[in-house]
Amino acid sequence: MLAYDKWPPIYDETYMPEPESRYWFPREETMEPREREALILRKLRAQVEWAYYRSPFYRRKWDEAGFHPEKLKTLDDLRRIPILTKEEIRKDQAENPPFGSYLCVEPRDVLRIHGTSGTTGRPTAFAIGRDDWRRIANAHARIMWGAGIRPSDTIFIGSFFSLYMGSWGTLIGAERLGAVSFPFGAGVPGQTLMALSWIKEIRPSAFYGTPSYALYLAEKARENGYDPKEDFAFRIMFFSGEPGAGIPTTKRLIEETFGCKCIDMGSTAEMSPWMTNGECEFRQGMHLWNDIVYTELVDPDTKEPVPFGSEGVPVYTHLERTSQPMIRFWSGDLSLWTDEPCPCGRTYPRLPKGIYGRVDDMLVIRGENVYPSAIEEVLRSMEGFGGEFRIIVTREKVMDELTIQAEYSSSIASQARSDSEVLQHLQKEMQLRIKSKIGIRPTIELVSPGTLERTQFKARRVIDKRDLFKEG
């Protein structure tokens with residue numbers, strides 16, 4: 001019998017695999033792909049019907065596209081459903097505050113509210129129902145088990161506890177799995193120095209955060225007389241928020257630095273349970289746990305599915321979500337997928353290189369999503385800005401660095417001839433305002449008017465000099 005024979009699934013909260021078992025649910029994780037497709041189709045039809053009859057948003061969107069749940073007879077029919085974008089979600093929430101007309105449950109059934117920071121405009125609110133919260137916990141426990149985490153582990157959670165879903169998803173997954181949670185957090189001045197002594201004292205065996213923070217932690221450890229490999233006891237370190245853990249050189253650096261296994265995880269906050277892109281202990285790329293969240297890879301231009309071995313954009317569909325389900329959600333990420341066997345024996349497709357890029361202009365810098373449009377918005381609101389700029393991203397040692405070259409205006413140039421502090425003041429003001437907007441302190445390089453090239457077509461204002469897959 002399957003672990004779930006009805007929809008929405010209700011999981012046995014007392015269930016635990018045997019400690020020596022590689023799998024949380026052996027049958028589901030190792031079944032033949034054809035058999036799993038039949039399971040996915042059953043769940044998908046129930047999920048789509050739920051969304052259609054409970055959401056004015058989906059009913060309107062699908063009716064306009066000529067789709068009705070009765071037309072979903074095979075998995076191939078999924079492409080009849082129009083793709084869903086973040087812009088549509090934001091627009092719907094603006095018109096139907098606070099959660100949009102795709103909530104699909106009564107407000108009284110909402111347990112948690114999370115969301116985005118609103119860097120590019122109106123924040124997106126994630127209303128998570130009580131039953132969905134438990135399903136997320138069960139999914140994360142199952143996937144963390146696949147990464148090698150066991151009830152005997154203590155997990156140091158080194159990420160922000162805020163609207164950000166990453167840390168909370170890790171916490172509830174650890175609690176469901178029966179592991180000890182050490183929710184230390186991140187972001188407070190001096191917190192990393194405190195973490196060093198706590199880690200040595202508590203000796204957690206697992207770590208969650210961003211790859212950049214892990215490497216920053218290692219740098220601070222060495223500066224303060226600690227050896228990350230000898231003085232810490234991390235057996236497994238798992239990550240989300242940025243592509244580092246899927247990049248061979250960064251994965252190797254983390255494993256050599258800490259003497260651990262480096263596990264790559266993560267899709268998008270909208271798709272929680274976000275761990276459904278998650279590596280196993282063999283670290284051969286992220287499995288797509290398709291019986292929880294179904295993933296297609298589609299061509300960025302045609303939006304048609306691409307074959308295994310090809311690059312495309314992940315498009316995600318919830319299969320177990322009653323509150324704010326995402327149906328064919330466009331991630332905007334870039335990846336490559338394969339159906340080649342994994343040594344773990346799981347029969348899910350994999351992303352062997354993880355998530356390594358974007359089809360739009362979003363940059364992931366130190367775990368933060370940075371949009372050039374947000375930087376432009378700040379610059380163009382400032383007196384003294386000369387009209388053109390460049391965004392340059394580099395990697396120095398283990399940290400990403402953001403440099404913004406910005407022209408100053410002719411009036412500032414005139415003032416600077418008699419007052420040398422004018423440029424310094426403008427530079428500091430730009431830095432403060434941009435940091436306030438995007439959460440990262442950039443380096444500002446002011447250049448004289450007319451220095452940067454203009455174009456009448458599409459300006460190439462972003463220069464990413466990180467060679468993420470360079471070996472060495």
# chains A, B, ... in the order shown; residues from 1 in each chain; ligands from 1
$ select_by_dssp --residues "stretch 108-298 of chain A" --states "strand (DSSP E or B)" --output "VMD selection string"
chain A and resid 110 to 115 125 to 129 154 to 157 180 to 182 206 to 209 236 to 239 261 to 265 277 to 278 286 to 288 293 to 298
$ residues_around --residues "A:Tyr23" --least-positions-apart "3" --cutoff "8 Å" --atoms "only C-alpha atoms" --output "PyMOL selection string"
chain A and resi 17+26+29+142+145-146
$ residues_around --residues "stretch 58-75 of chain A" --least-positions-apart "3" --cutoff "10 Å" --atoms "only C-alpha atoms" --output "short mmCIF file (atom, residue, chain, number, x, y, z; two decimals) with C-alpha atoms, in the first residue's frame"
data_model
loop_
_atom_site.label_atom_id
_atom_site.label_comp_id
_atom_site.auth_asym_id
_atom_site.auth_seq_id
_atom_site.Cartn_x
_atom_site.Cartn_y
_atom_site.Cartn_z
CA GLU A 37 3.58 8.62 -13.55
CA ALA A 38 0.25 6.92 -12.84
CA ILE A 40 1.43 11.53 -10.18
CA LEU A 41 -1.51 11.72 -12.58
CA ARG A 42 -3.97 10.69 -9.85
CA LEU A 44 -2.40 15.93 -10.27
CA ARG A 45 -6.02 15.51 -11.32
CA ALA A 46 -7.17 15.93 -7.72
CA GLN A 47 -4.92 18.99 -7.25
CA VAL A 48 -6.10 20.67 -10.45
CA GLU A 49 -9.76 20.01 -9.68
CA TRP A 50 -9.28 21.46 -6.17
CA ALA A 51 -7.70 24.63 -7.60
CA TYR A 52 -10.32 25.08 -10.33
CA TYR A 53 -13.37 24.84 -8.09
CA ARG A 54 -11.95 26.75 -5.11
CA SER A 55 -10.00 29.53 -6.81
CA LEU A 78 -0.58 19.16 -18.38
CA ARG A 79 0.85 21.38 -21.10
CA ARG A 80 -2.73 22.45 -21.88
CA ILE A 81 -2.60 24.46 -18.65
CA PRO A 82 -1.09 27.92 -19.14
CA ILE A 83 2.11 28.70 -17.27
CA LEU A 84 1.83 30.76 -14.08
CA SER A 101 -7.94 34.83 -5.09
CA TYR A 102 -5.97 31.59 -5.34
CA CYS A 104 -8.26 27.88 -1.92
CA PRO A 325 -1.30 25.85 -4.80
CA MET A 326 1.06 26.68 -7.65
CA ILE A 327 0.06 25.01 -10.92
#
$ closest_residue --among "A:Leu423, A:Ala374, A:Ala221, A:Ile444" --to "A:Leu193" --atoms "only C-alpha atoms"
A:Ala221
$ closest_residue --among "A:Leu215, A:Ile89, A:Val370, A:Val422" --to "A:Arg122" --atoms "only C-alpha atoms"
A:Ile89
$ residues_around --residues "stretch 265-280 of chain A" --least-positions-apart "3" --cutoff "7 Å" --atoms "only C-alpha atoms" --output "list in words"
Ile136, Ala139, His140, Ile143, Gly146, Ala147, Met165, Phe238, Phe239, Ser240, Gly241, Arg283, Gln284, Gly285, Met286, His287, Leu288, Trp289, Val293 and Met326 of chain A
